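Inspection log for the structure reproduced underneath, given as structure tokens.
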Amino acid sequence: MKMQKIAIALISAGLLLGACSEDDTTENPVTGEGQFILAVSPVASTGVADYLLTAENLETGTISTAGNGIEQDGTFRYYVTHNNRFFSMLYGQGNPGAVTAYELNRLGRLEKVTNFQTETVQAFAPVNDDILLIKVPRSGGEEALWYRVDSEQLLIADEGQTNIVKLAGNGERAHFTWITQVGDKVFAPYMSIKGCCGDTFGTSYPDSAWVAVYSYPDMQLETVIKDDRTSYIGRYFENGLALVENGDVYAFSSSVATNGEDLTSTKPSAITRISAGTTEFDQSYYFNIEEASGGSNITSWTYVGNGNVIALLTSPAEKGGYVQGKRLAAINLQNKTFKWISGMPEVSEIESVTSNNYTPKDGKTAYIGLTLTDGISYVYKADAIAGTATQGLKVEGGTLTAISRLENN
């Protein structure tokens, strides 16, 4: 472990020194507040790496991948921003994956500050000053591995494991859908999966929800919060929890559990709540989204503040475990209100919508990335209060996969 920390620290130091020596001091430092970071997968016939582009605003203008951006290595990348650094993580499909971190230099340009390898992980999120990473085996081994990356020192500060078969306790295995810091705890909702038998992600328990609660930073399991009013929370690689300002935690279920090739959840897509300071579901709160939406189900959401989320939903015919919604809706979690967002392109014109979107947490705004069937991408500004969306920045040459922001140092 000590050697691992030293090696990563040396890599980081070398990159920092190299970056400083390459600064063009003849240029003036930026005077703006920061830059938006857009991850774009260029148009190609085979798998290609994302490019990271920067923009001063998301509401007007055009940017392109042609001759621009920082190319990532590897074809599947996932992103998180923490402590004003942008972390790009390679999904190695079972192989070790690189973690690359960037920040804005004095000229307002993205600059690499570290690059190191960890195991490929299936869940990650900021916790305190760290980024917590969890590698979850879908079959074979029974231990999920966790890594605590210090986002300031840029090193792996600690690691450990948790037994996911013992955690499930039903003969299957717990597969974390995501992780979220709640107070001084880590909430980790999971799906129960067989992990075998030619039906890896199938389950015999389609109508239950679970959230494992861990202490931090030692990651000791404290309890499991259970409910049978919905299916599992979130989806594979999708955060199903939203922590609101008063400490309440809201959870969505897509109701997409399967057995073989069949959807077997009998519960509707719905939202439940864990009240602040508790480790149990609030039985007085239940919001049936299928009923409110006319049969649609949530596939992901962006919490924008003041109890509001911008959610992506599928139609009943599109419902499935790996289908991303292309319809936007504004939901107030506390008041249990639902309204479709107007101003979006027709669903038939949308090729994809990214679930990794940016919000200033102003209580209403989310910037959502869309790629249309003609290959052009746009950032749409969605307003949860007005229930409208407006077309903004045009992105040429690729598919939008993530939108984030860094402030100038």
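Labeling convention for the structure tokens: chains A, B, ... as they appear, residues from 1 per chain, ligands from 1 in order of appearance.
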- Can you pull out every residue within 12 Å of A:Val127, counting only C-alpha atoms, but drop anything in the same chain fewer than 2 positions away, and send it as an MDAnalysis selection string? chainID A and resid 80:83 124:125 129:133 147:151 179:187 214:217 219
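For the choices A:Leu313, A:Ala402, A:Leu221, A:Val379, the atom-to-atom distance to A:Leu58 is smallest for A:Val379 when using only C-alpha atoms.
In this model, the gap between atom CA of A:Ile134 and atom CA of A:Val353 comes to 25.3 Å.
Interatomic distance, atom CA of A:Phe176 to atom CA of A:Thr162: 11.4 Å.
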Residues near A:Asn332, anyone? I mean within 10 Å using only C-alpha atoms, not counting same-chain ones fewer than 6 positions away, as a compact mmCIF listing (two decimals) with N, CA, C and O atoms, in the first residue's frame.
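Generated output (selection-v7.txt):
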# COMPACT_ATOMS: atom_id res chain seq x y z
N TYR A 303 -30.88 16.07 -9.64
CA TYR A 303 -31.45 16.89 -8.58
C TYR A 303 -30.96 18.32 -8.75
O TYR A 303 -29.76 18.58 -8.77
N GLY A 305 -32.15 21.06 -6.82
CA GLY A 305 -32.30 21.87 -5.62
C GLY A 305 -33.75 22.17 -5.28
O GLY A 305 -34.65 22.05 -6.11
N ASN A 306 -33.99 22.54 -4.02
CA ASN A 306 -35.32 22.91 -3.54
C ASN A 306 -36.37 21.82 -3.76
O ASN A 306 -37.54 22.10 -4.01
N GLY A 307 -35.94 20.57 -3.71
CA GLY A 307 -36.87 19.46 -3.84
C GLY A 307 -37.23 19.10 -5.27
O GLY A 307 -38.08 18.22 -5.48
N ASN A 308 -36.62 19.75 -6.25
CA ASN A 308 -36.96 19.51 -7.65
C ASN A 308 -35.94 18.64 -8.36
O ASN A 308 -34.73 18.77 -8.14
N VAL A 309 -36.42 17.75 -9.23
CA VAL A 309 -35.55 16.98 -10.10
C VAL A 309 -36.04 17.12 -11.54
O VAL A 309 -37.23 17.33 -11.80
N ILE A 310 -35.09 17.02 -12.47
CA ILE A 310 -35.39 16.83 -13.88
C ILE A 310 -35.16 15.35 -14.15
O ILE A 310 -34.04 14.84 -13.97
N PHE A 338 -45.89 16.36 -10.70
CA PHE A 338 -45.26 15.86 -11.93
C PHE A 338 -45.77 16.65 -13.12
O PHE A 338 -46.98 16.88 -13.25
N LYS A 339 -44.86 17.09 -14.00
CA LYS A 339 -45.29 17.73 -15.25
C LYS A 339 -44.25 17.46 -16.33
O LYS A 339 -43.04 17.50 -16.09
N ALA A 384 -37.28 23.42 -14.26
CA ALA A 384 -38.23 22.59 -13.50
C ALA A 384 -39.43 23.39 -13.02
O ALA A 384 -40.51 22.82 -12.80
N ILE A 385 -39.30 24.69 -12.87
CA ILE A 385 -40.42 25.52 -12.41
C ILE A 385 -41.36 25.84 -13.56
O ILE A 385 -42.58 25.65 -13.47
- Item | Pick from A:Cys197, A:Ala257, A:Ile350, A:Ala168 nearest to A:Tyr236, counting only C-alpha atoms | A:Ala257
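Closest approach to A:Phe36 among A:Val256, A:Val244, A:Leu110, A:Leu145 is made by A:Leu110 (distances from only C-alpha atoms).
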- Message: Env of A:Gly247: 10 Å cut, atoms = only C-alpha atoms, seq-sep filter 2 positions within chain, self excluded. Answer as a ChimeraX atom specification.
- Response: /A:182-183,242-245,249-250,274-278
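Omitting A:Asp207 and its sequence neighbours fewer than 4 positions away, and counting only C-alpha atoms, the residues within 12 Å are Met191, Ser192, Thr203, Lys226, Asp227, Asp228, Arg229, Thr230, Ser231, Tyr232, Ile233, Ser253, Ser254, Ser255, Val256, Ala257, Thr258, Asn259, Leu263, Thr264, Ser265, Thr266, Lys267, Pro268, Ser269 and Ala270 of chain A.
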- Query: How many Å lie between atom CA of A:Leu104 and atom CA of A:Phe87, rounded to one decimal?
  - Reply: 12.3 Å
- Shell of 12 Å around A:Asp374, only C-alpha atoms, local chain residues under 4 positions omitted, as an NGL selection string: :A and (43 or 348-352 or 370 or 378 or 396-399)
Can you spit out the residues from that selection as an mmCIF file, in the first residue's frame, using C-alpha atoms?
data_model
loop_
_atom_site.group_PDB
_atom_site.id
_atom_site.type_symbol
_atom_site.label_atom_id
_atom_site.label_comp_id
_atom_site.auth_asym_id
_atom_site.auth_seq_id
_atom_site.Cartn_x
_atom_site.Cartn_y
_atom_site.Cartn_z
ATOM 1 C CA VAL A 43 -18.506 10.180 -34.901
ATOM 2 C CA SER A 348 -38.290 10.084 -32.804
ATOM 3 C CA GLU A 349 -35.663 12.757 -33.527
ATOM 4 C CA ILE A 350 -33.525 11.948 -30.463
ATOM 5 C CA GLU A 351 -30.737 9.399 -30.748
ATOM 6 C CA SER A 352 -29.554 9.598 -27.125
ATOM 7 C CA LEU A 370 -29.002 15.468 -26.448
ATOM 8 C CA TYR A 378 -27.197 20.132 -28.330
ATOM 9 C CA GLU A 396 -20.758 19.230 -33.812
ATOM 10 C CA GLY A 397 -18.883 16.036 -34.551
ATOM 11 C CA GLY A 398 -19.991 13.661 -31.842
ATOM 12 C CA THR A 399 -22.311 12.332 -29.168
#
- Mind the document's chain letters and residue numbers, and return as a list in words the residues of stretch 20-229 of chain A that DSSP labels alpha helix (DSSP H). Cys20, Ser21, Glu22, Ile164, Val165, Lys166, Leu167 and Ala168 of chain A
- Message: Taking only C-alpha atoms into account, name the residue in A:Leu52, A:Ile368, A:Ala209, A:Val165 that is nearest to A:Leu393.
- Response: A:Ile368
- Which polymer residues have any atom within 12 Å of an atom of A:Ile70, counting only C-alpha atoms, with same-chain residues fewer than 5 positions away left out, as a VMD selection string? chain A and resid 37 to 42 49 to 54 65 88 100 102 109 to 112
- Go through stretch 93-196 of chain A and collect every residue that DSSP, computed from the backbone, puts in strand (DSSP E); the answer should be as number ranges by chain. A: 97-104, 110-118, 123-127, 130-135, 143-150, 155-163, 173-176, 180-182, 185-193
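Distances here use only C-alpha atoms; by that measure, the residue among A:Gln324, A:Gln391, A:Thr62, A:Thr371 closest to A:Glu238 is A:Gln324.
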